[in-house]
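Engineer: Provided below: structure_14.csv, containing CSV, N, CA and C atoms.
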```csv
chain,number,residue,atom,x,y,z
A,1272,MET,N,-23.5,18.7,9.8
A,1272,MET,CA,-22.5,17.8,10.4
A,1272,MET,C,-21.4,18.6,11.1
A,1273,GLU,N,-21.1,18.2,12.2
A,1273,GLU,CA,-20.1,18.9,13.0
A,1273,GLU,C,-18.7,18.7,12.4
A,1274,LEU,N,-17.8,19.6,12.6
A,1274,LEU,CA,-16.5,19.6,12.1
A,1274,LEU,C,-15.7,18.4,12.5
A,1275,GLU,N,-15.8,18.0,13.7
A,1275,GLU,CA,-15.0,16.9,14.2
A,1275,GLU,C,-15.5,15.6,13.6
A,1276,ALA,N,-16.8,15.4,13.4
A,1276,ALA,CA,-17.3,14.2,12.7
A,1276,ALA,C,-16.9,14.2,11.2
A,1277,ALA,N,-16.9,15.3,10.6
A,1277,ALA,CA,-16.4,15.4,9.2
A,1277,ALA,C,-15.0,15.1,9.1
A,1278,LYS,N,-14.1,15.5,10.0
A,1278,LYS,CA,-12.7,15.2,10.0
A,1278,LYS,C,-12.5,13.7,10.2
A,1279,VAL,N,-13.2,13.1,11.1
A,1279,VAL,CA,-13.0,11.7,11.3
A,1279,VAL,C,-13.5,10.9,10.1
A,1280,LEU,N,-14.6,11.3,9.5
A,1280,LEU,CA,-15.1,10.6,8.3
A,1280,LEU,C,-14.1,10.7,7.2
A,1281,ALA,N,-13.6,11.9,6.9
A,1281,ALA,CA,-12.6,12.2,5.9
A,1281,ALA,C,-11.3,11.4,6.1
A,1282,ALA,N,-10.9,11.3,7.3
A,1282,ALA,CA,-9.6,10.6,7.6
A,1282,ALA,C,-9.9,9.1,7.3
A,1283,GLY,N,-11.0,8.6,7.7
A,1283,GLY,CA,-11.3,7.2,7.4
A,1283,GLY,C,-11.4,6.8,6.0
A,1284,ILE,N,-12.0,7.7,5.2
A,1284,ILE,CA,-12.1,7.5,3.8
A,1284,ILE,C,-10.7,7.6,3.1
A,1285,ALA,N,-9.9,8.5,3.6
A,1285,ALA,CA,-8.6,8.7,3.0
A,1285,ALA,C,-7.7,7.4,3.2
A,1286,VAL,N,-7.8,6.9,4.4
A,1286,VAL,CA,-7.0,5.6,4.7
A,1286,VAL,C,-7.6,4.5,4.0
A,1287,GLY,N,-8.9,4.4,4.0
A,1287,GLY,CA,-9.6,3.2,3.3
A,1287,GLY,C,-9.3,3.2,1.8
A,1288,LEU,N,-9.5,4.3,1.2
A,1288,LEU,CA,-9.2,4.3,-0.3
A,1288,LEU,C,-7.7,4.2,-0.6
A,1289,GLY,N,-6.9,4.8,0.3
A,1289,GLY,CA,-5.5,4.8,0.1
A,1289,GLY,C,-4.9,3.4,0.3
A,1290,ALA,N,-5.6,2.5,1.0
A,1290,ALA,CA,-5.0,1.2,1.2
A,1290,ALA,C,-5.5,0.2,0.2
A,1291,ILE,N,-6.5,0.5,-0.6
A,1291,ILE,CA,-7.1,-0.5,-1.5
A,1291,ILE,C,-6.0,-0.7,-2.7
A,1292,GLY,N,-5.5,0.3,-3.2
A,1292,GLY,CA,-4.6,0.2,-4.3
A,1292,GLY,C,-3.3,-0.6,-4.0
A,1293,PRO,N,-2.6,-0.2,-2.9
A,1293,PRO,CA,-1.4,-0.9,-2.5
A,1293,PRO,C,-1.7,-2.4,-2.1
A,1294,GLY,N,-2.8,-2.6,-1.6
A,1294,GLY,CA,-3.2,-4.0,-1.2
A,1294,GLY,C,-3.3,-4.9,-2.5
A,1295,ILE,N,-4.0,-4.3,-3.5
A,1295,ILE,CA,-4.2,-5.1,-4.7
A,1295,ILE,C,-2.8,-5.2,-5.4
A,1296,GLY,N,-2.1,-4.1,-5.4
A,1296,GLY,CA,-0.8,-4.1,-6.1
A,1296,GLY,C,0.2,-5.1,-5.5
A,1297,GLU,N,0.2,-5.1,-4.2
A,1297,GLU,CA,1.2,-6.1,-3.5
A,1297,GLU,C,0.8,-7.5,-3.8
A,1298,GLY,N,-0.5,-7.8,-3.8
A,1298,GLY,CA,-1.0,-9.1,-4.2
A,1298,GLY,C,-0.6,-9.5,-5.6
A,1299,ILE,N,-0.7,-8.6,-6.5
A,1299,ILE,CA,-0.3,-8.9,-7.9
A,1299,ILE,C,1.2,-9.1,-8.0
A,1300,ILE,N,2.0,-8.2,-7.3
A,1300,ILE,CA,3.5,-8.4,-7.3
A,1300,ILE,C,3.9,-9.7,-6.7
A,1301,ALA,N,3.3,-10.1,-5.6
A,1301,ALA,CA,3.7,-11.4,-5.0
A,1301,ALA,C,3.3,-12.6,-5.8
A,1302,GLY,N,2.1,-12.5,-6.4
A,1302,GLY,CA,1.7,-13.6,-7.3
A,1302,GLY,C,2.5,-13.8,-8.5
A,1303,ARG,N,2.9,-12.7,-9.1
A,1303,ARG,CA,3.7,-12.7,-10.3
A,1303,ARG,C,5.1,-13.2,-10.0
A,1304,ALA,N,5.6,-12.7,-8.9
A,1304,ALA,CA,7.0,-13.1,-8.5
A,1304,ALA,C,7.1,-14.6,-8.2
A,1305,LEU,N,6.0,-15.1,-7.5
A,1305,LEU,CA,6.0,-16.6,-7.2
A,1305,LEU,C,5.9,-17.4,-8.5
A,1306,GLU,N,5.1,-16.9,-9.4
A,1306,GLU,CA,4.9,-17.6,-10.7
A,1306,GLU,C,6.3,-17.6,-11.4
A,1307,ALA,N,7.0,-16.5,-11.4
A,1307,ALA,CA,8.3,-16.4,-12.1
A,1307,ALA,C,9.3,-17.3,-11.4
A,1308,MET,N,9.3,-17.4,-10.0
A,1308,MET,CA,10.2,-18.2,-9.3
A,1308,MET,C,9.9,-19.7,-9.6
A,1309,SER,N,8.6,-20.1,-9.8
A,1309,SER,CA,8.3,-21.5,-10.0
A,1309,SER,C,8.7,-21.9,-11.4
A,1310,ARG,N,8.8,-20.9,-12.4
A,1310,ARG,CA,9.2,-21.2,-13.7
A,1310,ARG,C,10.7,-21.2,-13.9
A,1311,ASN,N,11.4,-20.4,-13.1
A,1311,ASN,CA,12.8,-20.3,-13.2
A,1311,ASN,C,13.5,-20.3,-11.8
A,1312,PRO,N,13.6,-21.4,-11.1
A,1312,PRO,CA,14.1,-21.4,-9.8
A,1312,PRO,C,15.5,-20.8,-9.6
A,1313,GLU,N,16.3,-20.8,-10.6
A,1313,GLU,CA,17.7,-20.3,-10.5
A,1313,GLU,C,17.7,-18.8,-10.2
A,1314,MET,N,16.7,-18.1,-10.6
A,1314,MET,CA,16.6,-16.7,-10.5
A,1314,MET,C,15.8,-16.2,-9.2
A,1315,SER,N,15.6,-17.2,-8.3
A,1315,SER,CA,14.8,-16.9,-7.1
A,1315,SER,C,15.3,-15.8,-6.3
A,1316,ASP,N,16.6,-15.8,-6.1
A,1316,ASP,CA,17.2,-14.8,-5.2
A,1316,ASP,C,17.1,-13.4,-5.8
A,1317,LYS,N,17.3,-13.2,-7.1
A,1317,LYS,CA,17.2,-11.9,-7.7
A,1317,LYS,C,15.7,-11.5,-7.7
A,1318,LEU,N,14.8,-12.4,-8.1
A,1318,LEU,CA,13.4,-12.1,-8.1
A,1318,LEU,C,12.9,-11.7,-6.7
A,1319,PHE,N,13.3,-12.4,-5.7
A,1319,PHE,CA,12.8,-12.1,-4.4
A,1319,PHE,C,13.3,-10.7,-3.9
A,1320,THR,N,14.5,-10.4,-4.2
A,1320,THR,CA,15.0,-9.0,-3.9
A,1320,THR,C,14.2,-7.9,-4.6
A,1321,ASN,N,14.0,-8.2,-5.9
A,1321,ASN,CA,13.2,-7.2,-6.7
A,1321,ASN,C,11.7,-7.1,-6.2
A,1322,MET,N,11.2,-8.3,-5.8
A,1322,MET,CA,9.8,-8.3,-5.2
A,1322,MET,C,9.7,-7.5,-4.0
A,1323,LEU,N,10.7,-7.6,-3.1
A,1323,LEU,CA,10.6,-6.9,-1.8
A,1323,LEU,C,10.7,-5.4,-2.1
A,1324,VAL,N,11.6,-5.0,-3.0
A,1324,VAL,CA,11.7,-3.5,-3.3
A,1324,VAL,C,10.4,-3.0,-3.9
A,1325,SER,N,9.8,-3.8,-4.8
A,1325,SER,CA,8.6,-3.4,-5.4
A,1325,SER,C,7.4,-3.3,-4.4
A,1326,MET,N,7.4,-4.2,-3.5
A,1326,MET,CA,6.4,-4.2,-2.4
A,1326,MET,C,6.6,-3.0,-1.5
A,1327,ALA,N,7.8,-2.6,-1.2
A,1327,ALA,CA,8.1,-1.5,-0.3
A,1327,ALA,C,7.6,-0.2,-1.0
A,1328,ILE,N,7.8,-0.1,-2.3
A,1328,ILE,CA,7.4,1.1,-3.0
A,1328,ILE,C,5.9,1.2,-3.1
A,1329,ALA,N,5.2,0.0,-3.3
A,1329,ALA,CA,3.8,0.0,-3.3
A,1329,ALA,C,3.2,0.4,-1.9
A,1330,GLU,N,3.9,-0.1,-0.8
A,1330,GLU,CA,3.4,0.1,0.5
A,1330,GLU,C,3.6,1.6,0.9
A,1331,SER,N,4.5,2.3,0.3
A,1331,SER,CA,4.7,3.7,0.6
A,1331,SER,C,3.5,4.5,0.3
A,1332,THR,N,2.7,4.1,-0.7
A,1332,THR,CA,1.5,4.8,-1.1
A,1332,THR,C,0.5,4.8,0.0
A,1333,ALA,N,0.4,3.6,0.7
A,1333,ALA,CA,-0.5,3.5,1.8
A,1333,ALA,C,0.0,4.3,3.0
A,1334,ILE,N,1.3,4.4,3.2
A,1334,ILE,CA,1.8,5.2,4.3
A,1334,ILE,C,1.5,6.7,4.0
A,1335,TYR,N,1.6,7.1,2.7
A,1335,TYR,CA,1.2,8.5,2.4
A,1335,TYR,C,-0.2,8.8,2.7
A,1336,ALA,N,-1.1,7.8,2.4
A,1336,ALA,CA,-2.5,8.0,2.7
A,1336,ALA,C,-2.7,8.1,4.2
A,1337,LEU,N,-2.0,7.3,5.0
A,1337,LEU,CA,-2.1,7.5,6.5
A,1337,LEU,C,-1.6,8.8,6.9
A,1338,LEU,N,-0.6,9.3,6.3
A,1338,LEU,CA,-0.1,10.7,6.6
A,1338,LEU,C,-1.1,11.7,6.4
A,1339,VAL,N,-1.8,11.6,5.2
A,1339,VAL,CA,-2.8,12.6,4.9
A,1339,VAL,C,-4.0,12.5,5.9
A,1340,ALA,N,-4.3,11.3,6.3
A,1340,ALA,CA,-5.4,11.1,7.3
A,1340,ALA,C,-5.0,11.8,8.7
A,1341,PHE,N,-3.7,11.7,9.1
A,1341,PHE,CA,-3.3,12.3,10.3
A,1341,PHE,C,-3.3,13.8,10.1
A,1342,ILE,N,-2.9,14.3,9.0
A,1342,ILE,CA,-3.0,15.8,8.7
A,1342,ILE,C,-4.4,16.3,8.8
A,1343,ILE,N,-5.4,15.5,8.2
A,1343,ILE,CA,-6.8,15.9,8.3
A,1343,ILE,C,-7.3,15.9,9.7
A,1344,LEU,N,-6.9,14.9,10.5
A,1344,LEU,CA,-7.3,14.8,11.9
A,1344,LEU,C,-6.7,15.9,12.8
A,1345,PHE,N,-5.5,16.1,12.7
A,1345,PHE,CA,-4.8,16.9,13.7
A,1345,PHE,C,-4.4,18.3,13.3
A,1346,ALA,N,-4.3,18.6,12.0
A,1346,ALA,CA,-3.8,19.9,11.5
A,1346,ALA,C,-4.9,20.8,11.1
A,1347,ILE,N,-6.0,20.3,10.7
A,1347,ILE,CA,-7.1,21.1,10.1
A,1347,ILE,C,-8.0,21.5,11.2
```
As structure tokens, please, write out the structure in this file.
Structural biologist:
Amino acid sequence: MELEAAKVLAAGIAVGLGAIGPGIGEGIIAGRALEAMSRNPEMSDKLFTNMLVSMAIAESTAIYALLVAFIILFAI
């Protein structure tokens, strides 16, 4: 296998596997937050803020995977 083909394949695998976890995590976070908001509507503002922060932290993992893919493609 040529080096360029291996780099593209490795970058694709890095982004693909790096996006699975945050995608599942963000779905769980949103589902649980909506469930909590429906049970206790008075806490919706605080729950929504905490949900957004949690989703941003989960999304940062996917951004790190994208960064690793760019390093594989352009630095190696």
Engineer: Which residues are near A:Ala1290? Cut-off 9 Å, only C-alpha atoms, ignore same chain within fewer than 6 positions. Put them as a PyMOL selection string.
Structural biologist: chain A and resi 1330+1332-1334+1336-1337
Engineer: For the residues in the current selection, export N, CA and C atoms as a PDB file, in the frame of the given file.
Structural biologist:
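Saved as result_13.pdb:
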```
ATOM      1  N   GLU A1330       3.900  -0.100  -0.800  1.00  0.00           N
ATOM      2  CA  GLU A1330       3.400   0.100   0.500  1.00  0.00           C
ATOM      3  C   GLU A1330       3.600   1.600   0.900  1.00  0.00           C
ATOM      4  N   THR A1332       2.700   4.100  -0.700  1.00  0.00           N
ATOM      5  CA  THR A1332       1.500   4.800  -1.100  1.00  0.00           C
ATOM      6  C   THR A1332       0.500   4.800   0.000  1.00  0.00           C
ATOM      7  N   ALA A1333       0.400   3.600   0.700  1.00  0.00           N
ATOM      8  CA  ALA A1333      -0.500   3.500   1.800  1.00  0.00           C
ATOM      9  C   ALA A1333       0.000   4.300   3.000  1.00  0.00           C
ATOM     10  N   ILE A1334       1.300   4.400   3.200  1.00  0.00           N
ATOM     11  CA  ILE A1334       1.800   5.200   4.300  1.00  0.00           C
ATOM     12  C   ILE A1334       1.500   6.700   4.000  1.00  0.00           C
ATOM     13  N   ALA A1336      -1.100   7.800   2.400  1.00  0.00           N
ATOM     14  CA  ALA A1336      -2.500   8.000   2.700  1.00  0.00           C
ATOM     15  C   ALA A1336      -2.700   8.100   4.200  1.00  0.00           C
ATOM     16  N   LEU A1337      -2.000   7.300   5.000  1.00  0.00           N
ATOM     17  CA  LEU A1337      -2.100   7.500   6.500  1.00  0.00           C
ATOM     18  C   LEU A1337      -1.600   8.800   6.900  1.00  0.00           C
TER      19      LEU A1337
END
```
Engineer: Quick one: pull the distance between atom C of A:Ile1300 and atom C of A:Ala1285, Å, one decimal.
Structural biologist: 22.9 Å
Engineer: Rounded to one decimal in Å, what is the spacing between atom CA of A:Ile1295 and atom CA of A:Ser1331?
Structural biologist: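 According to the coordinates, atom CA of A:Ile1295 and atom CA of A:Ser1331 are separated by 13.6 Å.
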Engineer: What is the atom N of A:Gly1289 to atom N of A:Ala1307 distance in Å?
Structural biologist: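 These two atoms are separated by 28.0 Å.
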Engineer: Tell me, as a list in words, which residues lie within 12 Å of A:Phe1341, counting only C-alpha atoms; anything in the same chain fewer than 6 positions away does not count.
Structural biologist: Lys1278, Val1279, Ala1281, Ala1282, Gly1283, Ile1284, Ala1285, Val1286, Ile1334, Tyr1335 and Ile1347 of chain A
Engineer: For A:Ala1327, which residue among A:Met1308, A:Leu1274, A:Glu1297, A:Ala1340 is the nearest when counting all atoms listed in the file?
Structural biologist: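 When distances to A:Ala1327 are compared using all atoms listed in the file, the smallest one comes from A:Glu1297.
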Engineer: Could you pull stretch 1299-1325 of chain A out of the block above and give me N, CA and C atoms, as a PDB file, in the first residue's frame?
Structural biologist:
```pdb
ATOM      1  N   ILE A1299     -27.106  10.784  24.625  1.00  0.00           N
ATOM      2  CA  ILE A1299     -27.473  10.419  25.990  1.00  0.00           C
ATOM      3  C   ILE A1299     -27.658  11.669  26.842  1.00  0.00           C
ATOM      4  N   ILE A1300     -26.741  12.638  26.705  1.00  0.00           N
ATOM      5  CA  ILE A1300     -26.835  13.879  27.475  1.00  0.00           C
ATOM      6  C   ILE A1300     -28.144  14.600  27.178  1.00  0.00           C
ATOM      7  N   ALA A1301     -28.467  14.740  25.897  1.00  0.00           N
ATOM      8  CA  ALA A1301     -29.694  15.456  25.517  1.00  0.00           C
ATOM      9  C   ALA A1301     -30.929  14.706  25.993  1.00  0.00           C
ATOM     10  N   GLY A1302     -30.945  13.410  25.848  1.00  0.00           N
ATOM     11  CA  GLY A1302     -32.097  12.620  26.277  1.00  0.00           C
ATOM     12  C   GLY A1302     -32.341  12.716  27.771  1.00  0.00           C
ATOM     13  N   ARG A1303     -31.263  12.595  28.535  1.00  0.00           N
ATOM     14  CA  ARG A1303     -31.417  12.670  29.991  1.00  0.00           C
ATOM     15  C   ARG A1303     -31.801  14.076  30.442  1.00  0.00           C
ATOM     16  N   ALA A1304     -31.264  15.091  29.783  1.00  0.00           N
ATOM     17  CA  ALA A1304     -31.618  16.470  30.150  1.00  0.00           C
ATOM     18  C   ALA A1304     -33.087  16.751  29.845  1.00  0.00           C
ATOM     19  N   LEU A1305     -33.563  16.294  28.691  1.00  0.00           N
ATOM     20  CA  LEU A1305     -34.977  16.494  28.363  1.00  0.00           C
ATOM     21  C   LEU A1305     -35.883  15.729  29.319  1.00  0.00           C
ATOM     22  N   GLU A1306     -35.451  14.545  29.708  1.00  0.00           N
ATOM     23  CA  GLU A1306     -36.218  13.777  30.681  1.00  0.00           C
ATOM     24  C   GLU A1306     -36.286  14.508  32.025  1.00  0.00           C
ATOM     25  N   ALA A1307     -35.150  15.057  32.453  1.00  0.00           N
ATOM     26  CA  ALA A1307     -35.123  15.799  33.718  1.00  0.00           C
ATOM     27  C   ALA A1307     -35.954  17.073  33.631  1.00  0.00           C
ATOM     28  N   MET A1308     -35.920  17.755  32.478  1.00  0.00           N
ATOM     29  CA  MET A1308     -36.718  18.974  32.303  1.00  0.00           C
ATOM     30  C   MET A1308     -38.211  18.668  32.321  1.00  0.00           C
ATOM     31  N   SER A1309     -38.597  17.528  31.775  1.00  0.00           N
ATOM     32  CA  SER A1309     -40.022  17.193  31.771  1.00  0.00           C
ATOM     33  C   SER A1309     -40.498  16.802  33.166  1.00  0.00           C
ATOM     34  N   ARG A1310     -39.613  16.278  33.987  1.00  0.00           N
ATOM     35  CA  ARG A1310     -39.997  15.913  35.348  1.00  0.00           C
ATOM     36  C   ARG A1310     -40.013  17.115  36.286  1.00  0.00           C
ATOM     37  N   ASN A1311     -39.132  18.090  36.027  1.00  0.00           N
ATOM     38  CA  ASN A1311     -39.031  19.241  36.914  1.00  0.00           C
ATOM     39  C   ASN A1311     -38.860  20.505  36.066  1.00  0.00           C
ATOM     40  N   PRO A1312     -39.942  21.072  35.556  1.00  0.00           N
ATOM     41  CA  PRO A1312     -39.842  22.220  34.651  1.00  0.00           C
ATOM     42  C   PRO A1312     -39.236  23.477  35.279  1.00  0.00           C
ATOM     43  N   GLU A1313     -39.289  23.592  36.594  1.00  0.00           N
ATOM     44  CA  GLU A1313     -38.725  24.774  37.247  1.00  0.00           C
ATOM     45  C   GLU A1313     -37.202  24.845  37.104  1.00  0.00           C
ATOM     46  N   MET A1314     -36.579  23.712  36.917  1.00  0.00           N
ATOM     47  CA  MET A1314     -35.111  23.652  36.815  1.00  0.00           C
ATOM     48  C   MET A1314     -34.626  23.680  35.369  1.00  0.00           C
ATOM     49  N   SER A1315     -35.506  23.995  34.431  1.00  0.00           N
ATOM     50  CA  SER A1315     -35.150  23.916  33.010  1.00  0.00           C
ATOM     51  C   SER A1315     -33.976  24.801  32.641  1.00  0.00           C
ATOM     52  N   ASP A1316     -33.930  26.028  33.166  1.00  0.00           N
ATOM     53  CA  ASP A1316     -32.836  26.934  32.807  1.00  0.00           C
ATOM     54  C   ASP A1316     -31.487  26.395  33.264  1.00  0.00           C
ATOM     55  N   LYS A1317     -31.404  25.943  34.496  1.00  0.00           N
ATOM     56  CA  LYS A1317     -30.147  25.410  35.017  1.00  0.00           C
ATOM     57  C   LYS A1317     -29.767  24.120  34.292  1.00  0.00           C
ATOM     58  N   LEU A1318     -30.741  23.256  34.037  1.00  0.00           N
ATOM     59  CA  LEU A1318     -30.463  22.006  33.335  1.00  0.00           C
ATOM     60  C   LEU A1318     -29.999  22.255  31.906  1.00  0.00           C
ATOM     61  N   PHE A1319     -30.619  23.223  31.244  1.00  0.00           N
ATOM     62  CA  PHE A1319     -30.236  23.526  29.867  1.00  0.00           C
ATOM     63  C   PHE A1319     -28.800  24.039  29.794  1.00  0.00           C
ATOM     64  N   THR A1320     -28.435  24.905  30.736  1.00  0.00           N
ATOM     65  CA  THR A1320     -27.059  25.419  30.776  1.00  0.00           C
ATOM     66  C   THR A1320     -26.060  24.293  31.007  1.00  0.00           C
ATOM     67  N   ASN A1321     -26.357  23.436  31.970  1.00  0.00           N
ATOM     68  CA  ASN A1321     -25.462  22.309  32.240  1.00  0.00           C
ATOM     69  C   ASN A1321     -25.395  21.350  31.061  1.00  0.00           C
ATOM     70  N   MET A1322     -26.515  21.176  30.353  1.00  0.00           N
ATOM     71  CA  MET A1322     -26.531  20.301  29.180  1.00  0.00           C
ATOM     72  C   MET A1322     -25.617  20.861  28.088  1.00  0.00           C
ATOM     73  N   LEU A1323     -25.687  22.168  27.850  1.00  0.00           N
ATOM     74  CA  LEU A1323     -24.843  22.761  26.812  1.00  0.00           C
ATOM     75  C   LEU A1323     -23.359  22.634  27.141  1.00  0.00           C
ATOM     76  N   VAL A1324     -23.001  22.846  28.398  1.00  0.00           N
ATOM     77  CA  VAL A1324     -21.599  22.705  28.803  1.00  0.00           C
ATOM     78  C   VAL A1324     -21.140  21.258  28.628  1.00  0.00           C
ATOM     79  N   SER A1325     -21.975  20.323  29.037  1.00  0.00           N
ATOM     80  CA  SER A1325     -21.626  18.903  28.900  1.00  0.00           C
ATOM     81  C   SER A1325     -21.484  18.490  27.441  1.00  0.00           C
TER      82      SER A1325
END
```
